[in-house]
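Enquirer: As input, take protein05.txt (compact mmCIF, C-alpha atoms):
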# COMPACT_ATOMS: atom_id res chain seq x y z
CA ASP A 221 -4.85 27.20 82.84
CA VAL A 222 -8.01 27.75 80.85
CA LYS A 223 -7.86 26.23 77.45
CA VAL A 224 -9.95 27.46 74.56
CA THR A 225 -9.72 25.20 71.54
CA GLN A 226 -10.82 26.11 68.05
CA SER A 227 -11.27 23.06 65.89
CA SER A 228 -9.60 24.36 62.74
CA ARG A 229 -6.57 26.62 62.24
CA TYR A 230 -7.18 27.12 58.52
CA LEU A 231 -10.31 26.70 56.42
CA VAL A 232 -11.00 27.34 52.76
CA LYS A 233 -14.65 27.41 51.73
CA ARG A 234 -16.57 28.32 48.63
CA THR A 235 -18.98 31.22 48.29
CA GLY A 236 -22.46 30.18 49.35
CA GLU A 237 -21.37 27.29 51.55
CA LYS A 238 -22.66 26.95 55.10
CA VAL A 239 -19.65 27.08 57.41
CA PHE A 240 -19.35 25.95 61.03
CA LEU A 241 -16.57 27.18 63.29
CA GLU A 242 -16.32 25.28 66.56
CA CYS A 243 -14.96 26.41 69.90
CA VAL A 244 -14.61 24.44 73.12
CA GLN A 245 -13.45 25.65 76.55
CA ASP A 246 -12.55 23.47 79.49
CA MET A 247 -13.04 25.72 82.53
CA ASP A 248 -16.80 25.89 82.94
CA HIS A 249 -16.94 29.57 81.96
CA GLU A 250 -20.40 31.02 81.56
CA ASN A 251 -19.47 33.59 78.93
CA MET A 252 -18.21 32.83 75.46
CA PHE A 253 -17.51 35.13 72.52
CA TRP A 254 -16.79 35.19 68.83
CA TYR A 255 -14.64 37.98 67.43
CA ARG A 256 -13.48 38.73 63.96
CA GLN A 257 -9.99 40.16 63.46
CA ASP A 258 -9.08 42.24 60.40
CA PRO A 259 -5.97 44.38 59.87
CA GLY A 260 -6.43 47.91 61.14
CA LEU A 261 -9.83 47.12 62.63
CA GLY A 262 -8.80 45.23 65.74
CA LEU A 263 -11.16 42.65 67.17
CA ARG A 264 -14.84 43.15 66.49
CA LEU A 265 -17.51 41.30 68.42
CA ILE A 266 -19.82 39.13 66.33
CA TYR A 267 -21.89 37.31 68.96
CA PHE A 268 -21.61 36.32 72.57
CA SER A 269 -23.34 33.95 74.93
CA TYR A 270 -23.69 34.21 78.69
CA ASP A 271 -25.37 30.85 79.22
CA VAL A 272 -26.46 27.71 77.45
CA LYS A 273 -28.96 28.47 74.70
CA MET A 274 -28.56 32.20 75.36
CA LYS A 275 -27.02 34.48 72.78
CA GLU A 276 -26.70 38.16 72.06
CA LYS A 277 -25.68 40.05 68.98
CA GLY A 278 -22.41 41.89 69.03
CA ASP A 279 -21.37 44.76 66.80
CA ILE A 280 -21.25 42.91 63.46
CA PRO A 281 -23.74 39.99 63.56
CA GLU A 282 -24.97 40.25 59.97
CA GLY A 283 -24.36 37.06 58.01
CA TYR A 284 -23.60 35.03 61.13
CA SER A 285 -25.49 32.97 63.67
CA VAL A 286 -24.37 31.02 66.74
CA SER A 287 -25.29 27.95 68.70
CA ARG A 288 -24.64 27.07 72.32
CA GLU A 289 -26.23 23.75 73.20
CA LYS A 290 -23.65 22.87 75.86
CA LYS A 291 -21.81 25.13 78.26
CA GLU A 292 -18.38 24.23 76.94
CA ARG A 293 -19.12 24.61 73.23
CA PHE A 294 -19.92 27.72 71.21
CA SER A 295 -20.33 27.45 67.47
CA LEU A 296 -20.24 30.23 64.89
CA ILE A 297 -22.23 29.62 61.72
CA LEU A 298 -21.86 31.41 58.42
CA GLU A 299 -25.21 30.75 56.79
CA SER A 300 -23.98 31.46 53.25
CA ALA A 301 -20.30 32.30 53.13
CA SER A 302 -19.24 35.35 51.17
CA THR A 303 -15.81 36.63 50.19
CA ASN A 304 -16.10 39.56 52.62
CA GLN A 305 -16.20 37.04 55.44
CA THR A 306 -12.62 36.05 54.72
CA SER A 307 -10.96 36.82 58.04
CA MET A 308 -9.40 35.53 61.23
CA TYR A 309 -12.03 34.34 63.70
CA LEU A 310 -11.23 34.26 67.39
CA CYS A 311 -13.21 32.54 70.11
CA ALA A 312 -12.88 33.55 73.76
CA SER A 313 -14.33 32.48 77.06
CA ARG A 314 -14.52 34.44 80.26
CA ARG A 315 -15.39 34.40 83.90
CA ASP A 316 -15.83 37.88 85.36
CA SER A 317 -13.80 40.30 83.27
CA VAL A 318 -10.71 38.30 82.29
CA GLY A 319 -10.90 36.62 78.90
CA THR A 320 -8.95 33.77 77.35
CA PHE A 321 -8.68 33.38 73.60
CA GLY A 322 -8.28 30.42 71.32
CA SER A 323 -5.59 30.37 68.64
CA GLY A 324 -7.95 31.47 65.92
CA THR A 325 -9.33 30.10 62.67
CA ARG A 326 -8.21 31.74 59.48
CA LEU A 327 -11.09 31.40 57.05
CA THR A 328 -10.73 32.07 53.36
CA VAL A 329 -13.86 32.20 51.21
CA VAL A 330 -13.22 31.79 47.52
CA GLY B 204 -21.51 51.99 73.38
CA GLU B 205 -17.85 51.97 74.31
CA ASN B 206 -15.28 53.11 71.75
CA VAL B 207 -11.56 52.46 72.25
CA GLU B 208 -8.95 54.17 70.11
CA GLN B 209 -5.35 52.98 70.04
CA HIS B 210 -2.16 54.68 68.81
CA PRO B 211 0.20 54.22 67.13
CA SER B 212 -0.75 51.50 64.67
CA THR B 213 2.91 50.57 64.18
CA LEU B 214 5.90 51.17 66.41
CA SER B 215 9.53 50.34 65.75
CA VAL B 216 12.14 50.61 68.51
CA GLN B 217 15.72 49.55 69.03
CA GLU B 218 16.38 46.71 71.42
CA GLY B 219 16.78 48.11 74.92
CA ASP B 220 14.65 51.19 74.28
CA SER B 221 11.23 51.79 75.80
CA ALA B 222 7.93 51.49 73.97
CA VAL B 223 4.68 53.26 74.81
CA ILE B 224 1.26 52.47 73.39
CA LYS B 225 -1.69 54.73 74.18
CA CYS B 226 -5.44 54.15 74.24
CA THR B 227 -8.43 56.35 74.90
CA TYR B 228 -11.94 55.24 75.79
CA SER B 229 -15.29 56.92 75.56
CA ASP B 230 -17.53 55.34 78.21
CA SER B 231 -16.86 56.70 81.69
CA ALA B 232 -18.49 53.55 83.09
CA SER B 233 -15.54 51.44 81.89
CA ASN B 234 -13.78 49.99 84.91
CA TYR B 235 -11.40 47.35 83.60
CA PHE B 236 -8.63 47.78 81.04
CA PRO B 237 -6.65 44.73 79.89
CA TRP B 238 -3.78 44.57 77.45
CA TYR B 239 -3.30 41.59 75.15
CA LYS B 240 -0.25 40.49 73.19
CA GLN B 241 -0.71 38.52 69.99
CA GLU B 242 2.22 36.69 68.52
CA LEU B 243 2.23 35.42 64.97
CA GLY B 244 -0.13 32.51 64.49
CA LYS B 245 -1.52 32.68 68.01
CA GLY B 246 -4.54 34.11 69.75
CA PRO B 247 -4.24 37.21 71.96
CA GLN B 248 -2.89 36.56 75.44
CA LEU B 249 -3.50 38.74 78.46
CA ILE B 250 -0.26 40.36 79.64
CA ILE B 251 -1.40 42.95 82.16
CA ASP B 252 -4.59 44.64 83.26
CA ILE B 253 -5.70 47.51 85.44
CA ARG B 254 -8.91 48.35 87.20
CA SER B 255 -10.37 51.81 87.56
CA ASN B 256 -9.53 52.13 91.25
CA VAL B 257 -5.79 51.95 90.48
CA GLY B 258 -3.62 54.49 88.67
CA GLU B 259 -0.64 52.33 87.81
CA LYS B 260 0.36 48.68 87.80
CA LYS B 261 3.72 47.08 87.07
CA ASP B 262 4.84 43.59 86.23
CA GLN B 263 8.57 43.34 85.63
CA ARG B 264 9.28 45.22 82.38
CA ILE B 265 5.71 46.14 81.60
CA ALA B 266 3.50 48.72 83.26
CA VAL B 267 0.11 50.21 82.63
CA THR B 268 -1.10 53.65 83.68
CA LEU B 269 -4.66 54.89 83.82
CA ASN B 270 -5.95 58.46 83.82
CA LYS B 271 -9.68 58.27 84.49
CA THR B 272 -10.22 61.99 84.20
CA ALA B 273 -8.77 62.10 80.70
CA LYS B 274 -10.10 58.62 79.87
CA HIS B 275 -6.84 57.27 78.63
CA PHE B 276 -4.50 54.45 79.55
CA SER B 277 -1.10 53.44 78.34
CA LEU B 278 1.17 50.40 78.12
CA HIS B 279 4.85 50.93 78.85
CA ILE B 280 7.48 48.34 77.98
CA THR B 281 11.00 49.03 79.21
CA GLU B 282 14.26 47.43 78.05
CA THR B 283 12.55 45.98 75.00
CA GLN B 284 13.72 42.66 73.63
CA PRO B 285 13.16 41.04 70.21
CA GLU B 286 10.63 38.66 71.76
CA ASP B 287 8.47 41.67 72.61
CA SER B 288 7.76 42.01 68.88
CA ALA B 289 4.06 41.32 68.44
CA VAL B 290 0.69 43.01 68.00
CA TYR B 291 -0.65 44.58 71.17
CA PHE B 292 -4.32 45.29 71.82
CA CYS B 293 -5.85 47.43 74.52
CA ALA B 294 -9.45 46.95 75.61
CA GLY B 295 -12.07 48.51 77.82
CA TYR B 296 -14.86 46.85 79.78
CA THR B 297 -17.92 48.40 81.40
CA GLY B 298 -19.21 45.24 83.08
CA ARG B 299 -21.82 44.83 80.38
CA ARG B 300 -21.54 42.81 77.19
CA ALA B 301 -17.96 42.17 76.17
CA LEU B 302 -14.56 43.76 75.96
CA THR B 303 -14.22 46.52 73.38
CA PHE B 304 -10.84 46.39 71.69
CA GLY B 305 -8.59 48.99 70.15
CA SER B 306 -7.35 48.53 66.60
CA GLY B 307 -3.96 47.13 67.65
CA THR B 308 -0.32 48.22 67.56
CA ARG B 309 2.33 46.26 65.73
CA LEU B 310 5.53 46.56 67.75
CA GLN B 311 8.81 45.71 66.06
CA VAL B 312 11.93 45.55 68.22
CA GLN B 313 15.05 45.87 66.11
CA PRO B 314 18.04 43.87 67.41
Starting from the coordinates I provided, produce the structure as structure tokens.

Expert:
Amino acid sequence: DVKVTQSSRYLVKRTGEKVFLECVQDMDHENMFWYRQDPGLGLRLIYFSYDVKMKEKGDIPEGYSVSREKKERFSLILESASTNQTSMYLCASRRDSVGTFGSGTRLTVV
Amino acid sequence: GENVEQHPSTLSVQEGDSAVIKCTYSDSASNYFPWYKQELGKGPQLIIDIRSNVGEKKDQRIAVTLNKTAKHFSLHITETQPEDSAVYFCAGYTGRRALTFGSGTRLQVQP
């Protein structure tokens, strides 16, 4: 089975900090994604990557950036964390149309 | 872009009853419709999916139906059990970009 691992389950950061969320997949998938999950809003796409060093903006990229230096790793970066970025962050990887999610990182910005 | 709407947002049923969750999509180019189940503290997991060349698909107690003309698809769970309690997400995919998700349905199965 594909495994998508997010490095942290819970994070608490201060406003203005630079925050790195890490995601690693073990099945050589080309496509990787970062979603944000908020109650009543479902999963919203922040950024995705279809190859190493390639990235595309999703629906809500403001305040975020990403890095994909290796195929298996996709990092989400909050350049200057703000309280409205408190959320659950989900990483996914995919080959073709089927996606596999990590367990999520619940980030609280105080 | 694609827009997926999901109803209801919450659903409570008695154990043994059926549950139905409905989604509509906007982009007629969408050709793949997965359903994910998210249990507390876990990431979403794929439970069933359907492609646009099929009208219905079943897997034991769960089934999905697709009406391409009306642009809607539904998840049906029969003989519900307490372990079916979770948040369910539908999604649509056009073959471009990424999956577009509905807003989720919290299903509570009362023992």

Enquirer: Specify as a ChimeraX atom specification all residues of chain A found within 12 Å of chain B, counting all atoms listed in the file.

Expert: /A:222-226,229-230,251-270,275-279,308-326

Enquirer: Would you pick out the contacts of Ile265 of chain B at 12 Å or less, using only C-alpha atoms, so that residues sharing its chain but fewer than 5 positions from it are not included, and give the list as an MDAnalysis selection string?

Expert: chainID B and resid 221:224 238:240 250:252 259:260 277:284 287

Enquirer: Just the number, please: distance in Å from atom CA of Pro281 of chain A to atom CA of His210 of chain B, one decimal.

Expert: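 For atom CA of Pro281 of chain A relative to atom CA of His210 of chain B, the distance reads 26.6 Å.
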
Enquirer: For a quick check of your reading of the model, name the residues lying within 9 Å of the coordinate (-20.3, 55.3, 80.8), counting only C-alpha atoms, and write them as an MDAnalysis selection string.

Expert: chainID B and resid 204:205 229:233 297

Enquirer: Between atom CA of Cys226 of chain B and atom CA of Pro314 of chain B, measure the distance and give it in Å to one decimal.

Expert: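 Separation between atom CA of Cys226 of chain B and atom CA of Pro314 of chain B: 26.5 Å.
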
Enquirer: Could you work out how far atom CA of Val272 of chain A lies from atom CA of Lys291 of chain A, giving the answer in Å with one decimal?

Expert: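 Computed distance, atom CA of Lys291 of chain A to atom CA of Val272 of chain A, equals 5.4 Å.
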
Enquirer: Counting all atoms listed in the file, which of B:Gln313, B:Thr268, B:Glu286, B:Lys261 gets nearest to Asp220 of chain B?

Expert: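 Under the stated criterion, the closest residue is B:Gln313.
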
Enquirer: Give, as JSON, the centre coordinates and the x, y and z edge lengths in Å to one decimal for an axis-aligned box around all listed atoms of segment 225-231 of chain A, padded by 5 Å on each side.

Expert:
{"center_x": -8.9, "center_y": 25.1, "center_z": 64.0, "size_x": 14.7, "size_y": 14.1, "size_z": 25.1}
